[in-house]
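Structure file work30.pdb (PDB, C-alpha atoms, pLDDT in the B column) is printed below.
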```
MODEL        1
ATOM      1  CA  MET E  81      14.717  12.469   6.055  1.00 35.00           C
ATOM      2  CA  THR E  82      14.416   8.721   5.665  1.00 41.00           C
ATOM      3  CA  PRO E  83      17.523   6.662   4.911  1.00 42.00           C
ATOM      4  CA  SER E  84      17.712   5.366   1.370  1.00 43.00           C
ATOM      5  CA  ASN E  85      18.795   1.957   0.167  1.00 43.00           C
ATOM      6  CA  LEU E  86      22.143   3.525  -0.689  1.00 38.00           C
ATOM      7  CA  ASP E  87      22.876   4.231   2.983  1.00 40.00           C
ATOM      8  CA  ARG E  88      23.201   0.518   3.716  1.00 46.00           C
ATOM      9  CA  PRO E  89      23.495  -1.435   0.488  1.00 43.00           C
ATOM     10  CA  GLU E  90      23.852  -4.690   2.418  1.00 52.00           C
ATOM     11  CA  GLU E  91      20.285  -4.281   3.682  1.00 73.00           C
ATOM     12  CA  PRO E  92      17.982  -2.698   1.101  1.00 82.00           C
ATOM     13  CA  PHE E  93      14.866  -2.740   3.272  1.00 92.00           C
ATOM     14  CA  THR E  94      15.887  -0.583   6.242  1.00 90.00           C
ATOM     15  CA  ARG E  95      13.144   1.940   5.457  1.00 91.00           C
ATOM     16  CA  ALA E  96      10.624  -0.459   6.993  1.00 92.00           C
ATOM     17  CA  THR E  97      12.157   0.056  10.433  1.00 89.00           C
ATOM     18  CA  TYR E  98      11.415   3.778  10.155  1.00 90.00           C
ATOM     19  CA  ASP E  99       7.958   3.532   8.597  1.00 91.00           C
ATOM     20  CA  TRP E 100       6.519   0.725  10.753  1.00 94.00           C
ATOM     21  CA  ASP E 101       6.511  -0.412  14.376  1.00 95.00           C
ATOM     22  CA  ILE E 102       8.708  -3.264  13.258  1.00 95.00           C
ATOM     23  CA  GLU E 103       9.371  -4.780  16.681  1.00 95.00           C
ATOM     24  CA  LYS E 104       5.619  -5.047  17.319  1.00 96.00           C
ATOM     25  CA  LEU E 105       5.143  -6.715  13.936  1.00 95.00           C
ATOM     26  CA  TYR E 106       7.994  -9.137  14.653  1.00 95.00           C
ATOM     27  CA  SER E 107       6.419  -9.989  17.990  1.00 95.00           C
ATOM     28  CA  ASP E 108       2.906 -10.457  16.596  1.00 95.00           C
ATOM     29  CA  LEU E 109       4.149 -12.635  13.747  1.00 95.00           C
ATOM     30  CA  ALA E 110       6.370 -14.642  16.100  1.00 95.00           C
ATOM     31  CA  ASN E 111       3.261 -15.414  18.177  1.00 94.00           C
ATOM     32  CA  ALA E 112       1.397 -16.462  15.039  1.00 94.00           C
ATOM     33  CA  LYS E 113       4.377 -18.600  14.052  1.00 93.00           C
ATOM     34  CA  LEU E 114       4.181 -20.445  17.380  1.00 92.00           C
ATOM     35  CA  GLU E 115       0.516 -21.109  16.727  1.00 90.00           C
ATOM     36  CA  PHE E 116       1.140 -22.266  13.145  1.00 88.00           C
ATOM     37  CA  ALA E 117       4.294 -24.280  13.765  1.00 85.00           C
ATOM     38  CA  PRO E 118       4.960 -24.773  17.488  1.00 84.00           C
ATOM     39  CA  HIS E 119       7.880 -27.111  16.785  1.00 87.00           C
ATOM     40  CA  THR E 120       9.927 -24.459  14.944  1.00 81.00           C
ATOM     41  CA  ARG E 121      12.424 -21.922  16.196  1.00 79.00           C
ATOM     42  CA  ARG E 122      10.959 -19.242  18.431  1.00 85.00           C
ATOM     43  CA  GLY E 123      10.741 -15.801  16.912  1.00 91.00           C
ATOM     44  CA  LEU E 124      11.268 -14.863  13.306  1.00 94.00           C
ATOM     45  CA  THR E 125      14.430 -15.894  11.527  1.00 93.00           C
ATOM     46  CA  PRO E 126      16.672 -13.256   9.960  1.00 93.00           C
ATOM     47  CA  VAL E 127      15.399 -14.322   6.520  1.00 94.00           C
ATOM     48  CA  GLU E 128      11.764 -13.975   7.617  1.00 94.00           C
ATOM     49  CA  LYS E 129      12.509 -10.515   9.020  1.00 94.00           C
ATOM     50  CA  ARG E 130      14.279  -9.439   5.832  1.00 94.00           C
ATOM     51  CA  HIS E 131      11.412 -10.651   3.650  1.00 96.00           C
ATOM     52  CA  LEU E 132       8.856  -8.944   5.883  1.00 96.00           C
ATOM     53  CA  CYS E 133      10.750  -5.664   5.624  1.00 95.00           C
ATOM     54  CA  GLY E 134      10.896  -6.057   1.856  1.00 96.00           C
ATOM     55  CA  LEU E 135       7.141  -6.509   1.683  1.00 96.00           C
ATOM     56  CA  LEU E 136       6.569  -3.535   3.989  1.00 95.00           C
ATOM     57  CA  CYS E 137       8.741  -1.406   1.704  1.00 95.00           C
ATOM     58  CA  GLY E 138       6.456  -2.318  -1.188  1.00 95.00           C
ATOM     59  CA  TYR E 139       8.721  -4.742  -3.016  1.00 96.00           C
ATOM     60  CA  SER E 140       7.311  -7.747  -4.825  1.00 96.00           C
ATOM     61  CA  PRO E 141       8.899 -11.152  -4.263  1.00 96.00           C
ATOM     62  CA  ALA E 142      10.567 -10.834  -7.680  1.00 97.00           C
ATOM     63  CA  GLU E 143      12.037  -7.425  -6.800  1.00 96.00           C
ATOM     64  CA  MET E 144      13.255  -8.716  -3.442  1.00 96.00           C
ATOM     65  CA  ALA E 145      14.930 -11.666  -5.157  1.00 96.00           C
ATOM     66  CA  VAL E 146      16.878  -9.327  -7.414  1.00 95.00           C
ATOM     67  CA  LEU E 147      17.959  -7.082  -4.524  1.00 94.00           C
ATOM     68  CA  LEU E 148      18.964 -10.071  -2.390  1.00 93.00           C
ATOM     69  CA  ASN E 149      20.652 -11.972  -5.244  1.00 94.00           C
ATOM     70  CA  LYS E 150      18.279 -14.909  -4.822  1.00 95.00           C
ATOM     71  CA  GLN E 151      16.157 -16.978  -7.153  1.00 97.00           C
ATOM     72  CA  ILE E 152      12.636 -15.562  -7.561  1.00 96.00           C
ATOM     73  CA  LYS E 153      11.043 -18.953  -6.979  1.00 97.00           C
ATOM     74  CA  GLY E 154      13.053 -19.354  -3.753  1.00 95.00           C
ATOM     75  CA  VAL E 155      11.734 -16.093  -2.310  1.00 96.00           C
ATOM     76  CA  GLU E 156       8.186 -16.986  -3.361  1.00 96.00           C
ATOM     77  CA  VAL E 157       8.432 -20.402  -1.719  1.00 95.00           C
ATOM     78  CA  ASP E 158       9.941 -18.929   1.466  1.00 94.00           C
ATOM     79  CA  LEU E 159       7.110 -16.425   1.721  1.00 96.00           C
ATOM     80  CA  SER E 160       4.427 -19.014   1.020  1.00 95.00           C
ATOM     81  CA  LYS E 161       5.730 -21.400   3.653  1.00 93.00           C
ATOM     82  CA  THR E 162       6.379 -18.787   6.341  1.00 93.00           C
ATOM     83  CA  LEU E 163       5.202 -15.179   6.488  1.00 94.00           C
ATOM     84  CA  TYR E 164       2.045 -15.594   4.436  1.00 94.00           C
ATOM     85  CA  ARG E 165       0.958 -18.427   6.759  1.00 92.00           C
ATOM     86  CA  TYR E 166       1.656 -16.377   9.877  1.00 93.00           C
ATOM     87  CA  ILE E 167      -0.228 -13.393   8.493  1.00 91.00           C
ATOM     88  CA  GLU E 168      -3.260 -15.591   7.810  1.00 90.00           C
ATOM     89  CA  ILE E 169      -3.337 -16.485  11.513  1.00 87.00           C
TER      90      ILE E 169
ENDMDL
END
```
Structure translated into structure tokens:
Amino acid sequence: MTPSNLDRPEEPFTRATYDWDIEKLYSDLANAKLEFAPHTRRGLTPVEKRHLCGLLCGYSPAEMAVLLNKQIKGVEVDLSKTLYRYIEI
């Protein structure tokens, strides 16, 4: 049985850690991040990890914004400037 969002309401995307090799994805994207923006913090930030897990769980940026109590445009901008760029690499 996979944990539901109700098991940990503070983190609605925990299912991704059970359905994906999340540490490998974090590592691969962290390497891409270094290539894309070598001057930035090493590894993925907690926000980048949370957004990645949201995407892996099948949520749209708008749905993630609602679950995280954020502005939709803010989540879209975060994704465009970070994860989407790393995935391209």
**OP:** List, as a list of chain:residue names, every residue that the PyMOL selection byres ((chain E and resi 102) around 12) selects in the file provided.
**Re:**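 For this structure, the PyMOL selection byres ((chain E and resi 102) around 12) captures E:Phe93, E:Thr94, E:Arg95, E:Ala96, E:Thr97, E:Tyr98, E:Asp99, E:Trp100, E:Asp101, E:Glu103, E:Lys104, E:Leu105, E:Tyr106, E:Ser107, E:Asp108, E:Leu109, E:Ala110, E:Leu124, E:Lys129, E:Arg130, E:Leu132, E:Cys133, E:Gly134, E:Leu136, E:Cys137.
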Original post:
Once the PyMOL selection byres ((chain E and resi 116) around 12) has been applied to the shown file, what residues remain in the selection, as an NGL selection string?
Top reply: :E and (109-115 or 117-122 or 161-169)
Any chance you could export the current selection's C-alpha atoms as a compact mmCIF listing (two decimals), in the frame of the given file?
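Saved result, part-v2.txt, follows:
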```
# COMPACT_ATOMS: atom_id res chain seq x y z
CA LEU E 109 4.15 -12.64 13.75
CA ALA E 110 6.37 -14.64 16.10
CA ASN E 111 3.26 -15.41 18.18
CA ALA E 112 1.40 -16.46 15.04
CA LYS E 113 4.38 -18.60 14.05
CA LEU E 114 4.18 -20.44 17.38
CA GLU E 115 0.52 -21.11 16.73
CA ALA E 117 4.29 -24.28 13.76
CA PRO E 118 4.96 -24.77 17.49
CA HIS E 119 7.88 -27.11 16.78
CA THR E 120 9.93 -24.46 14.94
CA ARG E 121 12.42 -21.92 16.20
CA ARG E 122 10.96 -19.24 18.43
CA LYS E 161 5.73 -21.40 3.65
CA THR E 162 6.38 -18.79 6.34
CA LEU E 163 5.20 -15.18 6.49
CA TYR E 164 2.04 -15.59 4.44
CA ARG E 165 0.96 -18.43 6.76
CA TYR E 166 1.66 -16.38 9.88
CA ILE E 167 -0.23 -13.39 8.49
CA GLU E 168 -3.26 -15.59 7.81
CA ILE E 169 -3.34 -16.48 11.51
```
**OP:** For Glu143 of chain E, list every protein, DNA or RNA residue within 10 Å, evaluated using only C-alpha atoms, and leave out those in the same chain fewer than 5 positions away; present the list as a PyMOL selection string.
**Re:** chain E and resi 134-135+138+148-150+152+155
Return as lines of an AutoDock Vina configuration file the box centre and box size in Å, one decimal, for an axis-aligned box around all listed atoms of segment 102-108 of chain E padded by 5 Å per side.
```
center_x = 6.1
center_y = -6.9
center_z = 15.6
size_x = 16.5
size_y = 17.2
size_z = 14.7
```
**OP:** Work out how far apart atom CA of Ala142 of chain E and atom CA of Gly123 of chain E are and give it in Å to one decimal.
**Re:**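 Atom CA of Ala142 of chain E sits 25.1 Å away from atom CA of Gly123 of chain E.
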Subject >> Atomic separation - atom CA of Tyr139 of chain E relative to atom CA of Glu91 of chain E, Å >> reply: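 Going from atom CA of Glu91 of chain E over to atom CA of Tyr139 of chain E covers 13.4 Å.
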**OP:** Could you tell me how far atom CA of Val127 of chain E lies from atom CA of Val146 of chain E, in Å and to one decimal?
**Re:**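 Separation between atom CA of Val127 of chain E and atom CA of Val146 of chain E: 14.9 Å.
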